[in-house]
Each structure stands twice: as structure tokens, then as C-alpha cells.
file data-v8.tsv (TSV, N, CA and C atoms)
chain	number	residue	atom	x	y	z
A	8	LEU	N	58.64	23.18	-9.24
A	8	LEU	CA	58.71	21.81	-8.78
A	8	LEU	C	57.83	21.58	-7.55
A	9	ASP	N	57.65	22.62	-6.77
A	9	ASP	CA	56.83	22.47	-5.58
A	9	ASP	C	55.39	22.13	-5.95
A	10	THR	N	54.86	22.74	-6.99
A	10	THR	CA	53.47	22.48	-7.36
A	10	THR	C	53.30	21.08	-7.93
A	11	VAL	N	54.31	20.61	-8.67
A	11	VAL	CA	54.23	19.26	-9.23
A	11	VAL	C	54.27	18.22	-8.11
A	12	SER	N	55.15	18.41	-7.13
A	12	SER	CA	55.24	17.45	-6.04
A	12	SER	C	53.99	17.52	-5.16
A	13	ALA	N	53.43	18.72	-4.98
A	13	ALA	CA	52.21	18.85	-4.19
A	13	ALA	C	51.05	18.17	-4.90
A	14	ASN	N	50.97	18.33	-6.23
A	14	ASN	CA	49.90	17.69	-6.99
A	14	ASN	C	50.01	16.17	-6.94
A	15	THR	N	51.22	15.66	-6.99
A	15	THR	CA	51.38	14.20	-6.92
A	15	THR	C	51.02	13.69	-5.53
A	16	ASP	N	51.34	14.47	-4.49
A	16	ASP	CA	50.95	14.07	-3.13
A	16	ASP	C	49.43	14.02	-2.99
A	17	ILE	N	48.76	15.01	-3.57
A	17	ILE	CA	47.29	15.06	-3.52
A	17	ILE	C	46.70	13.89	-4.30
A	18	ALA	N	47.27	13.61	-5.46
A	18	ALA	CA	46.79	12.51	-6.28
A	18	ALA	C	46.99	11.18	-5.56
A	19	ASP	N	48.15	11.01	-4.90
A	19	ASP	CA	48.41	9.78	-4.15
A	19	ASP	C	47.41	9.62	-3.01
A	20	ALA	N	47.13	10.69	-2.30
A	20	ALA	CA	46.17	10.64	-1.18
A	20	ALA	C	44.77	10.30	-1.69
A	21	ALA	N	44.37	10.88	-2.82
A	21	ALA	CA	43.06	10.61	-3.39
A	21	ALA	C	42.96	9.15	-3.84
A	22	ALA	N	44.02	8.64	-4.46
A	22	ALA	CA	44.02	7.25	-4.91
A	22	ALA	C	43.96	6.30	-3.72
A	23	LYS	N	44.71	6.62	-2.66
A	23	LYS	CA	44.72	5.78	-1.46
A	23	LYS	C	43.32	5.75	-0.83
A	24	ALA	N	42.66	6.92	-0.77
A	24	ALA	CA	41.32	7.00	-0.20
A	24	ALA	C	40.33	6.21	-1.07
A	25	ALA	N	40.48	6.27	-2.37
A	25	ALA	CA	39.60	5.54	-3.28
A	25	ALA	C	39.78	4.04	-3.11
A	26	ARG	N	41.04	3.58	-2.96
A	26	ARG	CA	41.29	2.15	-2.75
A	26	ARG	C	40.66	1.67	-1.44
A	27	LYS	N	40.78	2.48	-0.37
A	27	LYS	CA	40.19	2.11	0.91
A	27	LYS	C	38.66	2.02	0.79
A	28	ARG	N	38.09	2.98	0.07
A	28	ARG	CA	36.64	2.99	-0.12
A	28	ARG	C	36.19	1.76	-0.89
A	29	GLU	N	36.90	1.41	-1.94
A	29	GLU	CA	36.56	0.23	-2.74
A	29	GLU	C	36.66	-1.04	-1.89
A	30	GLN	N	37.70	-1.14	-1.06
A	30	GLN	CA	37.85	-2.30	-0.19
A	30	GLN	C	36.70	-2.38	0.81
A	31	ARG	N	36.31	-1.23	1.37
A	31	ARG	CA	35.23	-1.19	2.34
A	31	ARG	C	33.90	-1.60	1.69
A	32	LEU	N	33.65	-1.12	0.47
A	32	LEU	CA	32.42	-1.47	-0.23
A	32	LEU	C	32.39	-2.94	-0.59
A	33	ALA	N	33.52	-3.48	-1.02
A	33	ALA	CA	33.60	-4.89	-1.37
A	33	ALA	C	33.37	-5.76	-0.13
A	34	ALA	N	33.93	-5.36	1.00
A	34	ALA	CA	33.75	-6.10	2.24
A	34	ALA	C	32.29	-6.05	2.68
A	35	ALA	N	31.63	-4.92	2.49
A	35	ALA	CA	30.23	-4.78	2.88
A	35	ALA	C	29.33	-5.66	2.02
A	36	GLN	N	29.68	-5.83	0.75
A	36	GLN	CA	28.88	-6.66	-0.14
A	36	GLN	C	29.05	-8.14	0.18
A	37	ASN	N	30.23	-8.52	0.62
A	37	ASN	CA	30.51	-9.93	0.94
A	37	ASN	C	29.84	-10.37	2.23
A	38	GLU	N	29.64	-9.44	3.15
A	38	GLU	CA	29.01	-9.78	4.41
A	38	GLU	C	27.52	-9.98	4.20
A	39	SER	N	26.97	-10.97	4.88
A	39	SER	CA	25.52	-11.16	4.81
A	39	SER	C	24.86	-10.17	5.77
A	40	PRO	N	23.71	-9.69	5.41
A	40	PRO	CA	23.04	-8.72	6.29
A	40	PRO	C	22.65	-9.38	7.61
A	41	LEU	N	22.62	-8.58	8.63
A	41	LEU	CA	22.26	-9.11	9.94
A	41	LEU	C	20.79	-9.51	9.96
A	42	PRO	N	20.48	-10.59	10.64
A	42	PRO	CA	19.07	-10.99	10.69
A	42	PRO	C	18.27	-10.00	11.52
A	43	VAL	N	17.03	-9.82	11.14
A	43	VAL	CA	16.14	-8.93	11.86
A	43	VAL	C	15.58	-9.69	13.05
A	44	PRO	N	15.78	-9.17	14.24
A	44	PRO	CA	15.29	-9.91	15.40
A	44	PRO	C	13.76	-9.89	15.44
A	45	ALA	N	13.20	-11.04	15.69
A	45	ALA	CA	11.74	-11.15	15.79
A	45	ALA	C	11.42	-11.65	17.19
A	46	VAL	N	10.80	-10.80	17.94
A	46	VAL	CA	10.45	-11.17	19.31
A	46	VAL	C	8.93	-11.23	19.39
A	47	ASN	N	8.44	-12.37	19.75
A	47	ASN	CA	7.01	-12.54	19.90
A	47	ASN	C	6.66	-12.54	21.38
A	48	ASP	N	6.78	-11.38	21.96
A	48	ASP	CA	6.51	-11.24	23.39
A	48	ASP	C	5.13	-10.65	23.56
A	49	LEU	N	4.17	-11.51	23.82
A	49	LEU	CA	2.79	-11.09	23.93
A	49	LEU	C	2.56	-10.15	25.11
A	50	GLU	N	3.28	-10.39	26.19
A	50	GLU	CA	3.09	-9.56	27.39
A	50	GLU	C	3.54	-8.12	27.15
A	51	SER	N	4.68	-7.93	26.46
A	51	SER	CA	5.13	-6.56	26.20
A	51	SER	C	4.20	-5.87	25.21
A	52	PHE	N	3.70	-6.63	24.22
A	52	PHE	CA	2.74	-6.06	23.28
A	52	PHE	C	1.47	-5.63	24.00
A	53	MET	N	1.00	-6.49	24.90
A	53	MET	CA	-0.22	-6.17	25.65
A	53	MET	C	0.01	-4.95	26.54
A	54	ALA	N	1.18	-4.85	27.14
A	54	ALA	CA	1.48	-3.70	27.99
A	54	ALA	C	1.49	-2.41	27.17
A	55	LYS	N	2.07	-2.45	25.97
A	55	LYS	CA	2.09	-1.27	25.11
A	55	LYS	C	0.67	-0.89	24.70
A	56	ALA	N	-0.13	-1.89	24.33
A	56	ALA	CA	-1.50	-1.63	23.91
A	56	ALA	C	-2.32	-1.05	25.07
A	57	MET	N	-2.14	-1.58	26.24
A	57	MET	CA	-2.88	-1.07	27.40
A	57	MET	C	-2.44	0.36	27.72
A	58	GLY	N	-1.15	0.64	27.57
A	58	GLY	CA	-0.66	1.99	27.80
A	58	GLY	C	-1.27	2.98	26.84
A	59	ARG	N	-1.35	2.59	25.57
A	59	ARG	CA	-1.97	3.46	24.57
A	59	ARG	C	-3.45	3.64	24.88
A	60	SER	N	-4.10	2.56	25.28
A	60	SER	CA	-5.52	2.62	25.60
A	60	SER	C	-5.76	3.54	26.79
A	61	GLN	N	-4.91	3.47	27.79
A	61	GLN	CA	-5.07	4.34	28.96
A	61	GLN	C	-4.84	5.80	28.59
A	62	LYS	N	-3.87	6.05	27.70
A	62	LYS	CA	-3.64	7.43	27.24
A	62	LYS	C	-4.87	7.95	26.50
A	63	TYR	N	-5.45	7.09	25.66
A	63	TYR	CA	-6.64	7.48	24.90
A	63	TYR	C	-7.80	7.77	25.85
A	64	LYS	N	-7.98	6.90	26.85
A	64	LYS	CA	-9.07	7.11	27.82
A	64	LYS	C	-8.86	8.41	28.58
A	65	ALA	N	-7.63	8.70	28.96
A	65	ALA	CA	-7.34	9.94	29.68
A	65	ALA	C	-7.60	11.15	28.80
A	66	ALA	N	-7.22	11.07	27.53
A	66	ALA	CA	-7.47	12.19	26.61
A	66	ALA	C	-8.96	12.40	26.40
A	67	MET	N	-9.71	11.31	26.29
A	67	MET	CA	-11.17	11.43	26.13
A	67	MET	C	-11.81	12.02	27.38
A	68	ALA	N	-11.36	11.60	28.54
A	68	ALA	CA	-11.90	12.14	29.79
A	68	ALA	C	-11.61	13.64	29.88
A	69	GLN	N	-10.41	14.02	29.52
A	69	GLN	CA	-10.03	15.44	29.53
A	69	GLN	C	-10.90	16.23	28.56
A	70	SER	N	-11.13	15.69	27.39
A	70	SER	CA	-11.95	16.35	26.39
A	70	SER	C	-13.39	16.50	26.89
A	71	ARG	N	-13.93	15.44	27.48
A	71	ARG	CA	-15.28	15.49	28.03
A	71	ARG	C	-15.39	16.57	29.12
A	72	LYS	N	-14.37	16.61	29.98
A	72	LYS	CA	-14.36	17.58	31.07
A	72	LYS	C	-14.33	19.01	30.51
A	73	GLN	N	-13.51	19.25	29.50
A	73	GLN	CA	-13.44	20.58	28.90
A	73	GLN	C	-14.76	20.96	28.24
A	74	ARG	N	-15.41	19.99	27.58
A	74	ARG	CA	-16.69	20.27	26.93
A	74	ARG	C	-17.75	20.62	27.98
A	75	GLU	N	-17.79	19.86	29.07
A	75	GLU	CA	-18.76	20.14	30.14
A	75	GLU	C	-18.51	21.52	30.75
A	76	ASN	N	-17.23	21.85	30.97
A	76	ASN	CA	-16.90	23.18	31.51
A	76	ASN	C	-17.33	24.29	30.56
A	77	ALA	N	-17.13	24.07	29.26
A	77	ALA	CA	-17.52	25.08	28.27
A	77	ALA	C	-19.04	25.25	28.26
A	78	GLN	N	-19.77	24.14	28.33
A	78	GLN	CA	-21.23	24.23	28.35
A	78	GLN	C	-21.71	24.95	29.61
A	79	ARG	N	-21.11	24.63	30.74
A	79	ARG	CA	-21.47	25.28	31.99
A	79	ARG	C	-21.18	26.78	31.93
A	80	SER	N	-20.05	27.12	31.33
A	80	SER	CA	-19.66	28.52	31.21
A	80	SER	C	-20.64	29.29	30.33
A	81	VAL	N	-21.06	28.69	29.23
A	81	VAL	CA	-22.02	29.34	28.34
A	81	VAL	C	-23.35	29.55	29.06
A	82	ARG	N	-23.79	28.51	29.79
A	82	ARG	CA	-25.06	28.63	30.52
A	82	ARG	C	-24.97	29.74	31.58
A	83	LEU	N	-23.83	29.80	32.30
A	83	LEU	CA	-23.67	30.85	33.31
A	83	LEU	C	-23.68	32.24	32.67
A	84	ASP	N	-23.00	32.38	31.56
A	84	ASP	CA	-23.01	33.68	30.85
A	84	ASP	C	-24.42	34.04	30.41
A	85	TRP	N	-25.18	33.04	29.96
A	85	TRP	CA	-26.56	33.26	29.52
A	85	TRP	C	-27.40	33.76	30.70
A	86	LEU	N	-27.25	33.08	31.84
A	86	LEU	CA	-28.04	33.47	33.02
A	86	LEU	C	-27.60	34.82	33.58
A	87	ARG	N	-26.31	35.11	33.55
A	87	ARG	CA	-25.80	36.38	34.06
A	87	ARG	C	-26.28	37.56	33.22
A	88	SER	N	-26.56	37.30	31.95
A	88	SER	CA	-27.02	38.39	31.09
A	88	SER	C	-28.50	38.71	31.34
A	89	GLY	N	-29.14	37.99	32.27
A	89	GLY	CA	-30.52	38.28	32.64
A	89	GLY	C	-31.55	37.49	31.87
A	90	ARG	N	-31.14	36.52	31.11
A	90	ARG	CA	-32.10	35.70	30.35
A	90	ARG	C	-32.53	34.51	31.19
A	91	GLU	N	-33.64	33.91	30.83
A	91	GLU	CA	-34.16	32.76	31.57
A	91	GLU	C	-33.46	31.48	31.11
A	92	GLY	N	-33.40	30.53	32.04
A	92	GLY	CA	-32.76	29.24	31.74
A	92	GLY	C	-33.51	28.45	30.70
A	93	SER	N	-34.83	28.51	30.71
A	93	SER	CA	-35.62	27.77	29.72
A	93	SER	C	-35.40	28.32	28.32
A	94	ALA	N	-35.15	29.62	28.21
A	94	ALA	CA	-34.87	30.23	26.90
A	94	ALA	C	-33.57	29.68	26.32
A	95	MET	N	-32.63	29.33	27.21
A	95	MET	CA	-31.35	28.75	26.75
A	95	MET	C	-31.61	27.41	26.07
A	96	ASP	N	-32.46	26.59	26.68
A	96	ASP	CA	-32.77	25.29	26.08
A	96	ASP	C	-33.45	25.46	24.73
A	97	GLU	N	-34.35	26.42	24.62
A	97	GLU	CA	-35.03	26.68	23.35
A	97	GLU	C	-34.04	27.18	22.29
A	98	PHE	N	-33.05	27.93	22.71
A	98	PHE	CA	-32.05	28.46	21.79
A	98	PHE	C	-31.09	27.35	21.34
A	99	VAL	N	-30.72	26.47	22.26
A	99	VAL	CA	-29.71	25.45	21.99
A	99	VAL	C	-30.26	24.28	21.19
A	100	SER	N	-31.51	23.89	21.43
A	100	SER	CA	-32.04	22.67	20.81
A	100	SER	C	-32.00	22.69	19.28
A	101	PRO	N	-32.38	23.78	18.58
A	101	PRO	CA	-32.26	23.75	17.11
A	101	PRO	C	-30.80	23.63	16.65
A	102	LEU	N	-29.89	24.23	17.39
A	102	LEU	CA	-28.47	24.14	17.02
A	102	LEU	C	-27.95	22.72	17.21
A	103	GLN	N	-28.39	22.07	18.29
A	103	GLN	CA	-27.97	20.69	18.52
A	103	GLN	C	-28.54	19.75	17.46
A	104	GLU	N	-29.78	19.99	17.06
A	104	GLU	CA	-30.39	19.18	15.99
A	104	GLU	C	-29.61	19.36	14.68
A	105	GLU	N	-29.24	20.59	14.38
A	105	GLU	CA	-28.46	20.86	13.17
A	105	GLU	C	-27.11	20.15	13.24
A	106	LEU	N	-26.48	20.18	14.41
A	106	LEU	CA	-25.20	19.50	14.59
A	106	LEU	C	-25.35	17.99	14.40
A	107	ARG	N	-26.39	17.41	14.97
A	107	ARG	CA	-26.62	15.96	14.80
A	107	ARG	C	-26.83	15.60	13.33
A	108	LYS	N	-27.56	16.46	12.61
A	108	LYS	CA	-27.80	16.22	11.19
A	108	LYS	C	-26.50	16.27	10.40
A	109	ILE	N	-25.65	17.25	10.71
A	109	ILE	CA	-24.36	17.36	10.03
A	109	ILE	C	-23.50	16.15	10.33
A	110	GLU	N	-23.47	15.71	11.60
A	110	GLU	CA	-22.69	14.52	11.96
A	110	GLU	C	-23.20	13.29	11.24
A	111	ALA	N	-24.51	13.13	11.14
A	111	ALA	CA	-25.09	11.99	10.43
A	111	ALA	C	-24.74	12.03	8.95
A	112	ASP	N	-24.80	13.21	8.35
A	112	ASP	CA	-24.43	13.36	6.93
A	112	ASP	C	-22.97	13.00	6.70
A	113	ASP	N	-22.10	13.48	7.59
A	113	ASP	CA	-20.68	13.16	7.48
A	113	ASP	C	-20.42	11.67	7.64
A	114	ALA	N	-21.11	11.05	8.60
A	114	ALA	CA	-20.94	9.61	8.82
A	114	ALA	C	-21.41	8.83	7.59
A	115	LYS	N	-22.52	9.27	6.99
A	115	LYS	CA	-23.02	8.61	5.79
A	115	LYS	C	-22.05	8.78	4.62
A	116	ALA	N	-21.48	9.97	4.49
A	116	ALA	CA	-20.51	10.22	3.42
A	116	ALA	C	-19.28	9.32	3.58
A	117	VAL	N	-18.81	9.17	4.80
A	117	VAL	CA	-17.66	8.30	5.05
A	117	VAL	C	-18.01	6.86	4.75
A	118	GLU	N	-19.21	6.44	5.16
A	118	GLU	CA	-19.66	5.08	4.90
A	118	GLU	C	-19.77	4.82	3.40
A	119	ASP	N	-20.34	5.78	2.66
A	119	ASP	CA	-20.44	5.65	1.21
A	119	ASP	C	-19.07	5.55	0.55
A	120	GLU	N	-18.14	6.36	1.04
A	120	GLU	CA	-16.78	6.34	0.49
A	120	GLU	C	-16.10	4.99	0.77
A	121	ASP	N	-16.31	4.45	1.97
A	121	ASP	CA	-15.75	3.14	2.30
A	121	ASP	C	-16.36	2.06	1.41
A	122	GLN	N	-17.68	2.15	1.19
A	122	GLN	CA	-18.34	1.17	0.34
A	122	GLN	C	-17.81	1.26	-1.09
A	123	GLU	N	-17.60	2.48	-1.57
A	123	GLU	CA	-17.06	2.69	-2.91
A	123	GLU	C	-15.67	2.08	-3.03
A	124	THR	N	-14.86	2.27	-2.01
A	124	THR	CA	-13.50	1.72	-2.00
A	124	THR	C	-13.55	0.20	-2.03
A	125	GLU	N	-14.46	-0.39	-1.25
A	125	GLU	CA	-14.60	-1.85	-1.25
A	125	GLU	C	-15.06	-2.35	-2.61
A	126	ASP	N	-16.02	-1.64	-3.22
A	126	ASP	CA	-16.52	-2.05	-4.53
A	126	ASP	C	-15.40	-2.00	-5.58
A	127	ASN	N	-14.59	-0.95	-5.53
A	127	ASN	CA	-13.47	-0.84	-6.47
A	127	ASN	C	-12.46	-1.94	-6.25
A	128	ALA	N	-12.23	-2.30	-4.99
A	128	ALA	CA	-11.28	-3.38	-4.69
A	128	ALA	C	-11.82	-4.70	-5.21
A	129	LYS	N	-13.13	-4.92	-5.09
A	129	LYS	CA	-13.72	-6.16	-5.59
A	129	LYS	C	-13.64	-6.21	-7.11
A	130	LYS	N	-13.85	-5.05	-7.78
A	130	LYS	CA	-13.73	-5.01	-9.23
A	130	LYS	C	-12.33	-5.42	-9.67
A	131	ASP	N	-11.34	-4.92	-8.95
A	131	ASP	CA	-9.95	-5.23	-9.30
A	131	ASP	C	-9.64	-6.71	-9.09
A	132	GLU	N	-10.34	-7.36	-8.17
A	132	GLU	CA	-10.07	-8.76	-7.88
A	132	GLU	C	-10.84	-9.72	-8.77
A	133	GLU	N	-11.85	-9.24	-9.52
A	133	GLU	CA	-12.66	-10.12	-10.35
A	133	GLU	C	-11.78	-10.77	-11.42
A	134	PRO	N	-11.96	-12.09	-11.60
A	134	PRO	CA	-11.15	-12.76	-12.62
A	134	PRO	C	-11.57	-12.34	-14.03
A	135	VAL	N	-10.62	-12.33	-14.91
A	135	VAL	CA	-10.88	-11.96	-16.31
A	135	VAL	C	-11.37	-13.19	-17.05
A	136	ALA	N	-12.45	-13.05	-17.81
A	136	ALA	CA	-13.00	-14.17	-18.56
A	136	ALA	C	-11.99	-14.66	-19.60
A	137	ALA	N	-12.05	-15.97	-19.91
A	137	ALA	CA	-11.09	-16.56	-20.84
A	137	ALA	C	-11.22	-15.95	-22.23
A	138	GLY	N	-12.44	-15.64	-22.66
A	138	GLY	CA	-12.65	-15.05	-23.98
A	138	GLY	C	-12.02	-13.67	-24.08
A	139	VAL	N	-12.03	-12.94	-23.00
A	139	VAL	CA	-11.46	-11.61	-23.01
A	139	VAL	C	-9.96	-11.70	-23.20
A	140	MET	N	-9.33	-12.68	-22.55
A	140	MET	CA	-7.88	-12.85	-22.69
A	140	MET	C	-7.52	-13.21	-24.13
A	141	GLN	N	-8.35	-14.04	-24.79
A	141	GLN	CA	-8.05	-14.39	-26.17
A	141	GLN	C	-8.19	-13.18	-27.08
A	142	GLU	N	-9.16	-12.33	-26.78
A	142	GLU	CA	-9.35	-11.14	-27.59
A	142	GLU	C	-8.15	-10.20	-27.47
A	143	MET	N	-7.54	-10.20	-26.30
A	143	MET	CA	-6.39	-9.33	-26.08
A	143	MET	C	-5.18	-9.78	-26.87
A	144	ASP	N	-5.09	-11.08	-27.14
A	144	ASP	CA	-3.94	-11.59	-27.90
A	144	ASP	C	-4.08	-11.22	-29.29
call {"tool": "encode", "arguments": {"input": "data-v8.tsv", "output": "C-alpha cells"}}
result
Amino acid sequence: LDTVSANTDIADAAAKAARKREQRLAAAQNESPLPVPAVNDLESFMAKAMGRSQKYKAAMAQSRKQRENAQRSVRLDWLRSGREGSAMDEFVSPLQEELRKIEADDAKAVEDEDQETEDNAKKDEEPVAAGVMQEMD
């Protein structure tokens, strides 16, 4: 008898929990969703944008500083090894030209890809001729 009474207690508790859940779900469906607040505060938007801009400027300045330090370090190592400074310029110039060429090629590839994307978007927007629609029927 203990197991039967325990099982009925468990069943009653489960049914009670299910009824509460159903009531809660029904109440949630009857309530209208809360409106999404829309704040058009130009000053706060401008402050956020300026903050991001300042962070970007600081990161760029830091990057420039690190690049200059690296270049100075390479030049110092070159001179310390007993080589002439003019030889460094002769060594670096072909590498810099190659780098500029690679950057130009990459920029052109990105530009071509953007143009391709625009062309595909324009194709998708072109209206379908009336005769074509009749043929489809």
C-alpha cells in the first residue's frame, strides 16, 4: 500500500505542476509583448561613434609606432653586422616593390569581387519580361 500511495502522491504533484505550467503559458500568450523602446538620442550616438573612432585612432597610432620600431630595429641590426646603410636600402627596395604589387593585386581582386557581387545583385533585380512569364505558365 505504501507504493500505491506514494505513486498517487507523485502523480498528483506532477498533475499540479502541469496545471500551473499550462496556466502560466496561457497567461503569457494573453499578455501583449512589451514595446521595444526606441530612443533617438543623437548626442549619445555621436559620443559612442567618437569613442570608437578614438579607439581606432589609438590602435592605428600604436600599430604605426610598432612598425617604426621594428624598421629601426632591423636597420640597427643591419648596421651592427658591419654592412653599409646604403646596402640596406638596395636590399629593401625590391622587397617593398614586391609588397606594393601584392597589395595592389589584392585590392584589385577585392574590387573585382565587389563588382561581381553588384552585377549579380543587379541581375536578380532585373524585371522578368512579360513573354517569359507567359511561357512559364
call {"tool": "atom_distance", "arguments": {"input": "data-v8.tsv", "atom1": "atom C of Ala25 in chain A", "atom2": "CA of Glu38 in chain A"}}
result
19.1 Å
call {"tool": "atom_distance", "arguments": {"input": "data-v8.tsv", "atom1": "CA of Asp126 in chain A", "atom2": "atom N of Asp113 in chain A"}}
result
20.5 Å
call {"tool": "select_by_dssp", "arguments": {"input": "data-v8.tsv", "residues": "range 38-141 of chain A", "states": "alpha helix (DSSP H)", "output": "MDAnalysis selection string"}}
result
chainID A and resid 49:87 92:132 137:141
call {"tool": "atom_distance", "arguments": {"input": "data-v8.tsv", "atom1": "atom N of Arg28 in chain A", "atom2": "atom N of Asn14 in chain A"}}
result
21.0 Å
call {"tool": "residues_around", "arguments": {"input": "data-v8.tsv", "residues": "range 94-109 of chain A", "least_positions_apart": "4", "cutoff": "9 Å", "atoms": "only C-alpha atoms", "output": "PyMOL selection string"}}
result
chain A and resi 82+85-86+90+113-114
call {"tool": "write_last_selection", "arguments": {"input": "data-v8.tsv", "atoms": "N, CA and C atoms", "output": "PDB file, in the frame of the given file"}}
result
ATOM      1  N   ARG A  82     -23.790  28.510  29.790  1.00  0.00           N
ATOM      2  CA  ARG A  82     -25.060  28.630  30.520  1.00  0.00           C
ATOM      3  C   ARG A  82     -24.970  29.740  31.580  1.00  0.00           C
ATOM      4  N   TRP A  85     -25.180  33.040  29.960  1.00  0.00           N
ATOM      5  CA  TRP A  85     -26.560  33.260  29.520  1.00  0.00           C
ATOM      6  C   TRP A  85     -27.400  33.760  30.700  1.00  0.00           C
ATOM      7  N   LEU A  86     -27.250  33.080  31.840  1.00  0.00           N
ATOM      8  CA  LEU A  86     -28.040  33.470  33.020  1.00  0.00           C
ATOM      9  C   LEU A  86     -27.600  34.820  33.580  1.00  0.00           C
ATOM     10  N   ARG A  90     -31.140  36.520  31.110  1.00  0.00           N
ATOM     11  CA  ARG A  90     -32.100  35.700  30.350  1.00  0.00           C
ATOM     12  C   ARG A  90     -32.530  34.510  31.190  1.00  0.00           C
ATOM     13  N   ASP A 113     -22.100  13.480   7.590  1.00  0.00           N
ATOM     14  CA  ASP A 113     -20.680  13.160   7.480  1.00  0.00           C
ATOM     15  C   ASP A 113     -20.420  11.670   7.640  1.00  0.00           C
ATOM     16  N   ALA A 114     -21.110  11.050   8.600  1.00  0.00           N
ATOM     17  CA  ALA A 114     -20.940   9.610   8.820  1.00  0.00           C
ATOM     18  C   ALA A 114     -21.410   8.830   7.590  1.00  0.00           C
TER      19      ALA A 114
END
call {"tool": "axis_aligned_box", "arguments": {"input": "data-v8.tsv", "around": "range 99-106 of chain A", "padding_each_side": "8 Å", "output": "lines of an AutoDock Vina configuration file"}}
result
center_x = -28.8
center_y = 22.2
center_z = 17.7
size_x = 23.2
size_y = 24.5
size_z = 25.1
